[in-house]
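S.K.: My structure is stored as work28.cif, with mmCIF, C-alpha atoms.
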```cif
data_start
#
loop_
_atom_site.group_PDB
_atom_site.id
_atom_site.type_symbol
_atom_site.label_atom_id
_atom_site.label_comp_id
_atom_site.auth_asym_id
_atom_site.auth_seq_id
_atom_site.Cartn_x
_atom_site.Cartn_y
_atom_site.Cartn_z
ATOM 1 C CA MET A 1 17.577 -12.078 1.336
ATOM 2 C CA ARG A 2 17.424 -9.347 -1.299
ATOM 3 C CA PHE A 3 20.048 -11.218 -3.346
ATOM 4 C CA VAL A 4 17.994 -14.438 -3.228
ATOM 5 C CA LEU A 5 14.816 -12.603 -4.259
ATOM 6 C CA ALA A 6 16.679 -10.889 -7.092
ATOM 7 C CA LEU A 7 17.966 -14.250 -8.362
ATOM 8 C CA PHE A 8 14.443 -15.665 -8.361
ATOM 9 C CA ALA A 9 13.098 -12.595 -10.168
ATOM 10 C CA LEU A 10 15.843 -12.726 -12.825
ATOM 11 C CA SER A 11 15.453 -16.459 -13.340
ATOM 12 C CA GLY A 12 11.738 -16.201 -14.082
ATOM 13 C CA LEU A 13 11.000 -18.875 -11.475
ATOM 14 C CA ALA A 14 7.977 -18.504 -9.243
ATOM 15 C CA LEU A 15 8.691 -17.279 -5.744
ATOM 16 C CA PRO A 16 7.346 -19.270 -2.815
ATOM 17 C CA ALA A 17 4.137 -17.827 -1.356
ATOM 18 C CA HIS A 18 5.943 -16.734 1.819
ATOM 19 C CA ALA A 19 9.045 -15.226 0.167
ATOM 20 C CA LEU A 20 8.145 -11.537 0.373
ATOM 21 C CA SER A 21 9.851 -10.490 3.593
ATOM 22 C CA VAL A 22 10.427 -6.960 4.839
ATOM 23 C CA ASP A 23 13.945 -6.091 5.998
ATOM 24 C CA ASP A 24 14.378 -5.218 9.700
ATOM 25 C CA THR A 25 11.044 -6.819 10.625
ATOM 26 C CA LYS A 26 9.566 -10.269 11.104
ATOM 27 C CA VAL A 27 6.851 -9.552 8.528
ATOM 28 C CA ASN A 28 6.313 -11.809 5.529
ATOM 29 C CA TYR A 29 3.756 -11.137 2.825
ATOM 30 C CA ALA A 30 2.373 -13.602 0.314
ATOM 31 C CA ASN A 31 3.941 -13.337 -3.121
ATOM 32 C CA THR A 32 0.511 -13.585 -4.774
ATOM 33 C CA LEU A 33 -3.100 -12.916 -3.778
ATOM 34 C CA LYS A 34 -6.477 -13.879 -5.229
ATOM 35 C CA VAL A 35 -8.950 -11.001 -5.385
ATOM 36 C CA ALA A 36 -12.158 -10.828 -7.416
ATOM 37 C CA GLY A 37 -11.184 -13.944 -9.343
ATOM 38 C CA LYS A 38 -7.837 -12.444 -10.374
ATOM 39 C CA THR A 39 -4.330 -13.490 -9.405
ATOM 40 C CA LEU A 40 -2.385 -10.511 -8.118
ATOM 41 C CA ARG A 41 1.401 -10.438 -8.023
ATOM 42 C CA ALA A 42 3.483 -8.534 -5.531
ATOM 43 C CA THR A 43 5.313 -5.493 -6.876
ATOM 44 C CA GLY A 44 7.336 -5.125 -3.669
ATOM 45 C CA ALA A 45 7.178 -4.531 0.060
ATOM 46 C CA GLY A 46 8.813 -2.058 2.393
ATOM 47 C CA LEU A 47 9.004 -0.488 5.803
ATOM 48 C CA ARG A 48 7.717 2.991 6.652
ATOM 49 C CA GLU A 49 9.892 4.549 9.314
ATOM 50 C CA LYS A 50 9.613 7.868 11.069
ATOM 51 C CA ALA A 51 12.568 9.169 13.097
ATOM 52 C CA TRP A 52 14.167 5.687 13.051
ATOM 53 C CA VAL A 53 11.027 4.080 14.477
ATOM 54 C CA ASN A 54 9.226 1.348 12.507
ATOM 55 C CA VAL A 55 5.676 2.557 11.814
ATOM 56 C CA TYR A 56 4.229 0.015 9.358
ATOM 57 C CA THR A 57 5.171 -2.434 6.655
ATOM 58 C CA ILE A 58 3.417 -2.262 3.317
ATOM 59 C CA ALA A 59 3.116 -4.563 0.319
ATOM 60 C CA SER A 60 1.757 -3.694 -3.110
ATOM 61 C CA TYR A 61 -0.080 -6.110 -5.401
ATOM 62 C CA VAL A 62 -1.526 -5.772 -8.906
ATOM 63 C CA ASP A 63 -3.375 -8.033 -11.345
ATOM 64 C CA ALA A 64 -0.703 -10.239 -12.898
ATOM 65 C CA ASP A 65 -2.185 -9.542 -16.357
ATOM 66 C CA ALA A 66 -2.185 -5.735 -16.004
ATOM 67 C CA LYS A 67 -0.124 -3.765 -18.532
ATOM 68 C CA PHE A 68 1.515 -0.540 -17.334
ATOM 69 C CA LYS A 69 4.942 1.084 -16.962
ATOM 70 C CA GLY A 70 6.462 2.167 -13.652
ATOM 71 C CA GLY A 71 4.932 3.294 -10.398
ATOM 72 C CA ALA A 72 2.819 6.086 -11.852
ATOM 73 C CA GLY A 73 1.526 3.598 -14.419
ATOM 74 C CA LEU A 74 0.579 1.218 -11.622
ATOM 75 C CA ALA A 75 -1.236 4.017 -9.793
ATOM 76 C CA LYS A 76 -3.207 4.843 -12.948
ATOM 77 C CA ALA A 77 -3.827 1.229 -14.002
ATOM 78 C CA ASP A 78 -7.519 0.342 -14.071
ATOM 79 C CA ALA A 79 -6.721 -3.093 -12.674
ATOM 80 C CA VAL A 80 -7.335 -4.999 -9.457
ATOM 81 C CA LYS A 81 -4.733 -3.811 -6.954
ATOM 82 C CA VAL A 82 -4.112 -3.945 -3.219
ATOM 83 C CA LEU A 83 -2.002 -2.066 -0.687
ATOM 84 C CA HIS A 84 -1.608 -4.086 2.533
ATOM 85 C CA LEU A 85 -0.237 -2.384 5.642
ATOM 86 C CA ILE A 86 0.727 -4.120 8.889
ATOM 87 C CA MET A 87 1.244 -1.754 11.795
ATOM 88 C CA GLN A 88 4.559 -2.102 13.624
ATOM 89 C CA ARG A 89 3.546 0.193 16.472
ATOM 90 C CA ASP A 90 0.472 1.949 17.816
ATOM 91 C CA VAL A 91 -0.348 5.185 15.987
ATOM 92 C CA SER A 92 -3.162 7.539 16.920
ATOM 93 C CA GLY A 93 -6.028 7.878 14.486
ATOM 94 C CA GLU A 94 -5.297 11.590 14.327
ATOM 95 C CA LYS A 95 -1.688 11.004 13.209
ATOM 96 C CA MET A 96 -2.711 8.384 10.638
ATOM 97 C CA ALA A 97 -5.386 10.684 9.238
ATOM 98 C CA ASN A 98 -3.140 13.751 9.073
ATOM 99 C CA ALA A 99 -0.250 11.857 7.458
ATOM 100 C CA THR A 100 -2.585 10.331 4.865
ATOM 101 C CA LYS A 101 -4.177 13.686 4.034
ATOM 102 C CA GLU A 102 -0.790 15.395 3.726
ATOM 103 C CA ALA A 103 0.641 12.652 1.490
ATOM 104 C CA PHE A 104 -2.531 12.604 -0.639
ATOM 105 C CA ARG A 105 -2.389 16.370 -1.207
ATOM 106 C CA LYS A 106 1.321 16.279 -2.134
ATOM 107 C CA ASN A 107 0.391 14.363 -5.279
ATOM 108 C CA THR A 108 -3.234 15.393 -5.850
ATOM 109 C CA ARG A 109 -3.473 19.070 -5.013
ATOM 110 C CA SER A 110 -7.215 19.450 -5.574
ATOM 111 C CA GLY A 111 -10.353 17.406 -6.037
ATOM 112 C CA TYR A 112 -11.734 14.426 -4.147
ATOM 113 C CA THR A 113 -12.455 16.619 -1.112
ATOM 114 C CA ALA A 114 -15.525 14.636 -0.002
ATOM 115 C CA GLU A 115 -13.837 11.246 -0.433
ATOM 116 C CA LEU A 116 -10.647 12.360 1.312
ATOM 117 C CA GLY A 117 -12.719 13.862 4.141
ATOM 118 C CA LYS A 118 -14.519 10.544 4.669
ATOM 119 C CA LEU A 119 -11.223 8.632 4.625
ATOM 120 C CA VAL A 120 -9.676 11.040 7.136
ATOM 121 C CA SER A 121 -12.709 10.696 9.445
ATOM 122 C CA TRP A 122 -12.551 6.894 9.154
ATOM 123 C CA LEU A 123 -8.852 6.864 10.056
ATOM 124 C CA LYS A 124 -9.332 9.313 12.941
ATOM 125 C CA ALA A 125 -12.074 7.166 14.477
ATOM 126 C CA SER A 126 -9.644 4.770 16.169
ATOM 127 C CA GLU A 127 -5.999 4.206 16.958
ATOM 128 C CA ALA A 128 -4.080 1.892 14.634
ATOM 129 C CA LYS A 129 -2.706 -0.856 16.881
ATOM 130 C CA GLU A 130 0.558 -2.760 16.533
ATOM 131 C CA GLY A 131 -0.086 -5.887 14.453
ATOM 132 C CA GLU A 132 -3.248 -4.478 12.858
ATOM 133 C CA HIS A 133 -3.761 -5.120 9.145
ATOM 134 C CA ILE A 134 -5.087 -2.282 6.988
ATOM 135 C CA LYS A 135 -5.971 -3.058 3.371
ATOM 136 C CA PHE A 136 -6.847 -0.817 0.466
ATOM 137 C CA THR A 137 -8.354 -2.697 -2.476
ATOM 138 C CA TYR A 138 -9.378 -1.354 -5.847
ATOM 139 C CA ILE A 139 -11.471 -3.437 -8.258
ATOM 140 C CA PRO A 140 -12.321 -1.754 -11.588
ATOM 141 C CA GLY A 141 -15.847 -0.369 -11.653
ATOM 142 C CA GLN A 142 -16.094 -0.329 -7.841
ATOM 143 C CA PRO A 143 -15.171 2.211 -5.187
ATOM 144 C CA LEU A 144 -11.875 1.944 -3.294
ATOM 145 C CA GLU A 145 -12.413 -0.442 -0.366
ATOM 146 C CA CYS A 146 -10.599 0.356 2.885
ATOM 147 C CA LYS A 147 -10.573 -2.313 5.639
ATOM 148 C CA ARG A 148 -9.223 -2.383 9.166
ATOM 149 C CA SER A 149 -10.221 -4.306 12.277
ATOM 150 C CA GLY A 150 -13.480 -5.492 10.739
ATOM 151 C CA LYS A 151 -14.481 -1.975 9.672
ATOM 152 C CA THR A 152 -14.906 -1.212 5.986
ATOM 153 C CA ILE A 153 -15.491 1.987 4.069
ATOM 154 C CA LYS A 154 -15.914 2.348 0.285
ATOM 155 C CA LEU A 155 -14.924 5.590 -1.392
ATOM 156 C CA GLY A 156 -14.817 7.259 -4.765
ATOM 157 C CA ASP A 157 -14.082 5.872 -8.194
ATOM 158 C CA ALA A 158 -11.083 4.925 -10.345
ATOM 159 C CA GLY A 159 -9.791 8.501 -10.171
ATOM 160 C CA PHE A 160 -9.829 8.487 -6.385
ATOM 161 C CA ALA A 161 -8.069 5.092 -6.324
ATOM 162 C CA THR A 162 -5.378 6.504 -8.622
ATOM 163 C CA ALA A 163 -4.948 9.520 -6.363
ATOM 164 C CA PHE A 164 -4.677 7.227 -3.336
ATOM 165 C CA TRP A 165 -2.026 5.013 -5.005
ATOM 166 C CA LEU A 166 -0.027 8.165 -5.829
ATOM 167 C CA ILE A 167 0.595 8.508 -2.070
ATOM 168 C CA TYR A 168 3.121 5.705 -2.560
ATOM 169 C CA PHE A 169 3.897 5.816 -6.306
ATOM 170 C CA GLY A 170 3.578 9.509 -7.170
ATOM 171 C CA SER A 171 6.258 12.108 -7.863
ATOM 172 C CA SER A 172 6.121 13.222 -4.192
ATOM 173 C CA PRO A 173 5.621 9.939 -2.315
ATOM 174 C CA ALA A 174 5.065 9.733 1.429
ATOM 175 C CA ASP A 175 8.476 8.024 1.641
ATOM 176 C CA SER A 176 10.897 7.643 -1.286
ATOM 177 C CA ASP A 177 12.489 4.488 0.212
ATOM 178 C CA VAL A 178 9.047 2.880 0.479
ATOM 179 C CA LYS A 179 8.291 3.866 -3.129
ATOM 180 C CA LYS A 180 11.519 2.204 -4.241
ATOM 181 C CA ALA A 181 10.713 -0.957 -2.225
ATOM 182 C CA LEU A 182 7.128 -1.143 -3.552
ATOM 183 C CA SER A 183 8.425 -0.707 -7.109
ATOM 184 C CA ARG A 184 11.037 -3.453 -6.802
ATOM 185 C CA TRP A 185 9.353 -5.815 -9.298
ATOM 186 C CA LEU A 186 7.704 -3.335 -11.655
#
```
Would you write the structure of this file as structure tokens?
M.R.:
Amino acid sequence: MRFVLALFALSGLALPAHALSVDDTKVNYANTLKVAGKTLRATGAGLREKAWVNVYTIASYVDADAKFKGGAGLAKADAVKVLHLIMQRDVSGEKMANATKEAFRKNTRSGYTAELGKLVSWLKASEAKEGEHIKFTYIPGQPLECKRSGKTIKLGDAGFATAFWLIYFGSSPADSDVKKALSRWL
């Protein structure tokens, strides 16, 4: 599958909407999304594993017209962007919150204490269930929107969104294999 996707990418042809599959799972993500009147293109998708157990899949999208270089550039881009997680197993809210806080602080050592505290509380509030979709959407000029199971929270500003994206695209990502997968088409 990777070979086929690479051929499409090199040829400049458009990928089918269902072509973004995640190895070792049955998950397929759309190749493009429409958000806030913008067409977003996938930058890649991957699988987060912990001790050889599938935890979640994740796909990254960015405004097709955005100009930036590399993963850190994507994180800093003031453009419409989305991170879409699909849980592959149940994970306690406590574990999700702690892992997010730890990964956030690896790349953003200080600042955004109030916003991060609200995000951690929101994640702790309920267990993430297998099959659940969790989406993080940034639209320039608006707070970061976090959605799961019909619950939404809006946090921070462009700086907080950048810090959140650094969890996956920063110099100390939560998972280097996931960073590589999410950066596949950058």
S.K.: Box for range 37-43 of chain A: with edges along x, y and z, all listed atoms inside and 8 Å added on each side, what are the centre and edge lengths in Å to one decimal, as lines of an AutoDock Vina configuration file?
M.R.:
```
center_x = -2.9
center_y = -9.7
center_z = -8.0
size_x = 32.5
size_y = 24.5
size_z = 20.8
```
S.K.: Just so the selection is clear, what residues does the PyMOL selection byres ((chain A and resi 67) around 12) cover here, as a list in words?
M.R.: Val62, Asp63, Ala64, Asp65, Ala66, Phe68, Lys69, Gly70, Gly71, Gly73, Leu74, Ala75, Lys76, Ala77, Asp78, Ala79, Val80 and Leu186 of chain A
S.K.: Tell me, as number ranges by chain, which residues lie within 9 Å of Ala163 in chain A, counting all atoms listed in the file; anything in the same chain fewer than 3 positions away does not count.
M.R.: A: 75-76, 104-105, 107-108, 112, 158-160, 166-167, 170
S.K.: For the file shown, report as a list in words the outcome of the PyMOL selection byres ((chain A and resi 57) around 8) at residue level.
M.R.: Val22, Val27, Ala45, Gly46, Leu47, Arg48, Val55, Tyr56, Ile58, Ala59, Leu85, Ile86, Met87 and Gln88 of chain A
S.K.: Name every residue that the PyMOL selection byres ((chain A and resi 83) around 10) selects in this structure, writing the answer as a VMD selection string with chains first and numbers rising.
M.R.: chain A and resid 42 45 58 to 62 81 to 82 84 to 85 134 to 138 146 165 168 182
S.K.: With C-alpha atoms retained, export the selected residues as a PDB file, keeping the file's coordinate frame.
M.R.:
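Dumped to selection_28.pdb:
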```pdb
ATOM      1  CA  ALA A  42       3.483  -8.534  -5.531  1.00  0.00           C
ATOM      2  CA  ALA A  45       7.178  -4.531   0.060  1.00  0.00           C
ATOM      3  CA  ILE A  58       3.417  -2.262   3.317  1.00  0.00           C
ATOM      4  CA  ALA A  59       3.116  -4.563   0.319  1.00  0.00           C
ATOM      5  CA  SER A  60       1.757  -3.694  -3.110  1.00  0.00           C
ATOM      6  CA  TYR A  61      -0.080  -6.110  -5.401  1.00  0.00           C
ATOM      7  CA  VAL A  62      -1.526  -5.772  -8.906  1.00  0.00           C
ATOM      8  CA  LYS A  81      -4.733  -3.811  -6.954  1.00  0.00           C
ATOM      9  CA  VAL A  82      -4.112  -3.945  -3.219  1.00  0.00           C
ATOM     10  CA  HIS A  84      -1.608  -4.086   2.533  1.00  0.00           C
ATOM     11  CA  LEU A  85      -0.237  -2.384   5.642  1.00  0.00           C
ATOM     12  CA  ILE A 134      -5.087  -2.282   6.988  1.00  0.00           C
ATOM     13  CA  LYS A 135      -5.971  -3.058   3.371  1.00  0.00           C
ATOM     14  CA  PHE A 136      -6.847  -0.817   0.466  1.00  0.00           C
ATOM     15  CA  THR A 137      -8.354  -2.697  -2.476  1.00  0.00           C
ATOM     16  CA  TYR A 138      -9.378  -1.354  -5.847  1.00  0.00           C
ATOM     17  CA  CYS A 146     -10.599   0.356   2.885  1.00  0.00           C
ATOM     18  CA  TRP A 165      -2.026   5.013  -5.005  1.00  0.00           C
ATOM     19  CA  TYR A 168       3.121   5.705  -2.560  1.00  0.00           C
ATOM     20  CA  LEU A 182       7.128  -1.143  -3.552  1.00  0.00           C
TER      21      LEU A 182
END
```
S.K.: Considering only C-alpha atoms, state which residue in the set A:Ala36, A:Lys124, A:Glu49, A:Lys129 is at the smallest distance from Ser176 in chain A.
M.R.: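 The closest residue to Ser176 in chain A is A:Glu49.
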S.K.: Could you check how far CA of Asp175 in chain A sits from CA of Pro140 in chain A, in Å to one decimal?
M.R.: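 Here the two named atoms are 26.5 Å from each other.
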S.K.: To one decimal place in Å, what is the distance between CA of Glu130 in chain A and CA of Arg89 in chain A?
M.R.: 4.2 Å
S.K.: Between A:Leu119, A:Ala19, A:Val91, A:Ala181, which is the closest to Phe164 in chain A once you count only C-alpha atoms?
M.R.: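 The answer is A:Leu119, which sits nearest to Phe164 in chain A.
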S.K.: I want to know what sits within 9 Å of Lys95 in chain A, based on all atoms listed in the file, with residues of the same chain fewer than 3 positions away left out; could you give that as a list in words?
M.R.: Val91, Ser92, Asn98, Ala99, Thr100, Leu123, Lys124 and Glu127 of chain A
S.K.: Taking only C-alpha atoms into account, name the residue in A:Lys26, A:Pro173, A:Trp52, A:Val178 that is nearest to Ala103 in chain A.
M.R.: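 Answer, going by the shortest atom-to-atom distance: A:Pro173.
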S.K.: Could you jot down the CA of Ser172 in chain A to CA of Gly44 in chain A separation for me, Å, one decimal place?
M.R.: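 Calculated distance between CA of Ser172 in chain A and CA of Gly44 in chain A is 18.4 Å.
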